[in-house]
Amino acid sequence: MEEDCCSTQLIDGDGRFNVAGLDNFIKTTKFAQCGLSYAVVAIMGPQSSGKSTLLNHLFYTNFREMVAIVGRSQTTKGIWMAKGIGLDPFTIVMDLEGTDSRERGEVDDATFEKQSALFALAIADVVIINMWCHDIGREHAANKPLLKTVFQVMMRLFSPRKTTLLFVIRDKTKTPFELLEPVLREDIQKIWDTVPKPVEHKDTPLSDFFKVEATALSSFEEKEEQFKDEVAQLRRRFFHSISPGGIAGDRQVVVPATGFSFSAQHIWKVIKENRDLNLPAHKVMVAKVRCEEIAHEKCSQLASDEGWLALEQASLAGLVPGFGKKVSSILEACLSEYDKEAALFDEGVRDELRQLLKTKALQLVHPAYVTQLGHLRHHALECFKTKLEQALNKGEGFAASVDNCMRLSMLEFDRGLSDAAIKQADWDESKIRVKLQHDIEDHASSIRSEKLAQLIAKFEKQLTSAISGPVESLFEAGHEDSWLQIRKLLEREADVFLSGLSAAVAGFELDSKTFDQMILNMRNYARSVVAKRAKEEADQVLLRMKEKFITVFNHDKDGMPRVWTGKEDIKSITYEARLASIRILSMLAAIRLDDKPDNIESSIISSLIDGKEVVSSHGRKAGFSWDPLASNSWEGVSPENTLITPMKCKYLWKRFNSETEYIIAQAISVQEANKRNNNWLPPTWAIVAMIVLGFNEFMLLLRNPLYIFILFVLLVLGRAFWLQMDIPGEFRNGSLAGFISLASRFLPAVMNVLSRLAAAAQGHSAYETPAVLTSQSYRSQTSTPTLMSGSTLDTSVSSTVSHESSSSGYTSPQLDHRTARNVEYEEASQSDR
């Protein structure tokens, strides 16, 4: 039981307030969560009159009781408090020290008696006055002096509190209670009438301050069971005690549970400091506490108001028409209810807390108001975006469209502000207005940047298309004045496009600095296009050099393909082709858009073609020369304009020579072959030798024609065997393999030749038609070779070899040589016949 009721000494016998004990009581019993739903019951009466016993049976507390067999003495010292068990609402029970005690004496008893009585009346909703039945009608035994003091103090509180005075008559006698109660009420009324009153309460009846109740109980010692039954009936009156019609239902001033500790401390402090029991300052405190409670209650009601919640939810979804009027009406109703309920309290405190309530209410609605302003700002911004897009689609000027659309959007925003304004608030909307202006300006700036970027991208694309093709053609041509033509092309095209760009951006009203920077960026972009193209060409410079070399080497000045008949000067043609290729290299070695003179071409020609070293100005005195390509930079050319370094030029030239040597060698081979084909006679010395040494044999043949016939037959047979056996082809795999193959094929070859001769002698012409066709095919394939070349040449040596071999007319190893020899054999046989 002790654990449940949490019995605590609130004020000790020396008048010290137990703050820690009260806070622990509130925390342990969770009293702070009760709000206004609680009641305070206090009991006072003479010492040893059974007050603690009554409370323990009535509220199931565990206050210390007097043990009669030990003796009658002071049991309760100071003021004790406990929680009433099993009651609704939460009930605080206070057990006061008994009056008229021997231990305190006359002076101390009067002082503490008055202080504790006043504290109980200021705190408690129900004050139980415990008195003996036989003391009714007496002066001091009936606590009349104490009641006079209580009434005087209550009058000085300046406001009715409506405390319930419950007179409990103990140890009732045979005298009926119906006869005792009128006497008791008459005594109380006499005390009230004789108490001096303030002017404002001179005619105030007792019922405005006190609700008087009375009951009687049997003796606890003599009739314990009857006593308990009567206490149980009295206990029922404390259920729902603060409800209308309850024993404390008429109370008017209630301190919230969270402020109970402070209120109790403050009341006791005032009581201790004011011995005459003057408590005007407590009125302000009570007013403050009550007005705070009312303000809090109204603020809570506002927060849970269905109308407000619906309005708040709607504000989250979007704009609410008439938002300001609706919120103003809700706030006005909340403040009016506060004014009505706080009308009886101190005006200064009431107005102060009204302003606080207004501030809290405005804080509650402020997020929704800010949300509405956000919707207004978003709506105005979207309106600006839509109108600006429509204006731009109609072709209106950008700057004029922005100004007009901004003006219309701000007007619409201002109308929305007026609709959302709350009458009770004086909030400044200038910040949200400035923010909207900044948002509009930012969006306009982003659109301007986007439109300008699109416009510039369009012109850049057109400029790239206009420059790239011609520049590529000029690079491929590789003329000496290619860079001069590129510069003229760049200047001409840039001027044309910049003129169009200037007209296109006129509606944006750009400042001169921004416009000049845009023009400069466009010119730089045009230069970057050329520079990019030059870098791409520089990456393929070796291919361009070989193409140029092949074009010049294989074609004459009229562009006709060369036929290597043997009269051409290959050395001079090679020099001319290399010179043209090296001009390509020098042209792509650096970017020359600034028209600054340089010695790149002369340095490359002198170093790579002429093979001469350059004597510098310092070298004339020192007596030495130097290689201009033995460096990583060109003289007078910045690194960012350098495409191919001098050292890389030497490397590329070596690769170029190694990859074009085969073409030159092929040309020389074809030329030598043509010379041999065109000169079928033996050398002059051979002719003279044959004439001198063969004169006798020649005369012998002339004198004997049979020898001529035999010689002719032998020649024909020998040629037929030569073609049939393919003697050169057999010896391609080695001498030993050739002899073995010829030995195995000799007899079949002889038989084949003899069978052909026999067939020819009998007049068969089975081989005539194919022989002619094969002979023609063979002659077409063995005609005079000519070196031909295409427009392009593969970079690999193998592809070059294949191309030159196929174009020169050499017989492929896959050619059927036996067929060719058979054709010649047939022709020789027919000629013999």
# chains A, B, ... in the order shown; residues from 1 in each chain; ligands from 1
>>> residues_around(residues="Glu292 of chain A", least_positions_apart="5", cutoff="9 Å", atoms="only C-alpha atoms", output="PyMOL selection string")
chain A and resi 287+297+350+353-354+356-357
>>> residues_around(residues="Asn657 of chain A", least_positions_apart="5", cutoff="12 Å", atoms="only C-alpha atoms", output="JSON, numbers by chain")
{"A": [542, 545, 546, 549, 574, 575, 577, 578, 581, 582, 608, 609, 650, 651, 652, 662, 663, 664, 665, 797]}
>>> closest_atom_pairs(of="segment 405-462 of chain A", to="segment 379-392 of chain A", cutoff="6 Å", atoms="only C-alpha atoms", output="JSON lines")
{"residue": "A:Cys405", "atom": "CA", "partner": "A:Phe384", "partner_atom": "CA", "distance": 5.6}
{"residue": "A:Ser409", "atom": "CA", "partner": "A:Ala380", "partner_atom": "CA", "distance": 5.3}
{"residue": "A:Phe413", "atom": "CA", "partner": "A:Ala380", "partner_atom": "CA", "distance": 5.9}
>>> closest_residue(among="A:Gln226, A:Thr163, A:Thr215, A:Gln462", to="Val254 of chain A", atoms="only C-alpha atoms")
A:Thr163
>>> closest_residue(among="A:Gln540, A:Ser336, A:Thr53, A:Thr8", to="Lys77 of chain A", atoms="only C-alpha atoms")
A:Thr8
>>> atom_distance(atom1="atom CA of Ala214 of chain A", atom2="atom CA of Ile169 of chain A")
7.5 Å
>>> closest_residue(among="A:Pro646, A:Gly738, A:Pro470, A:Gly729", to="Ser633 of chain A", atoms="only C-alpha atoms")
A:Pro646
>>> residues_around(residues="Ser482 of chain A", least_positions_apart="2", cutoff="12 Å", atoms="only C-alpha atoms", output="VMD selection string")
chain A and resid 470 to 480 484 to 489 534 583 to 584 586 to 588 591 to 593 595
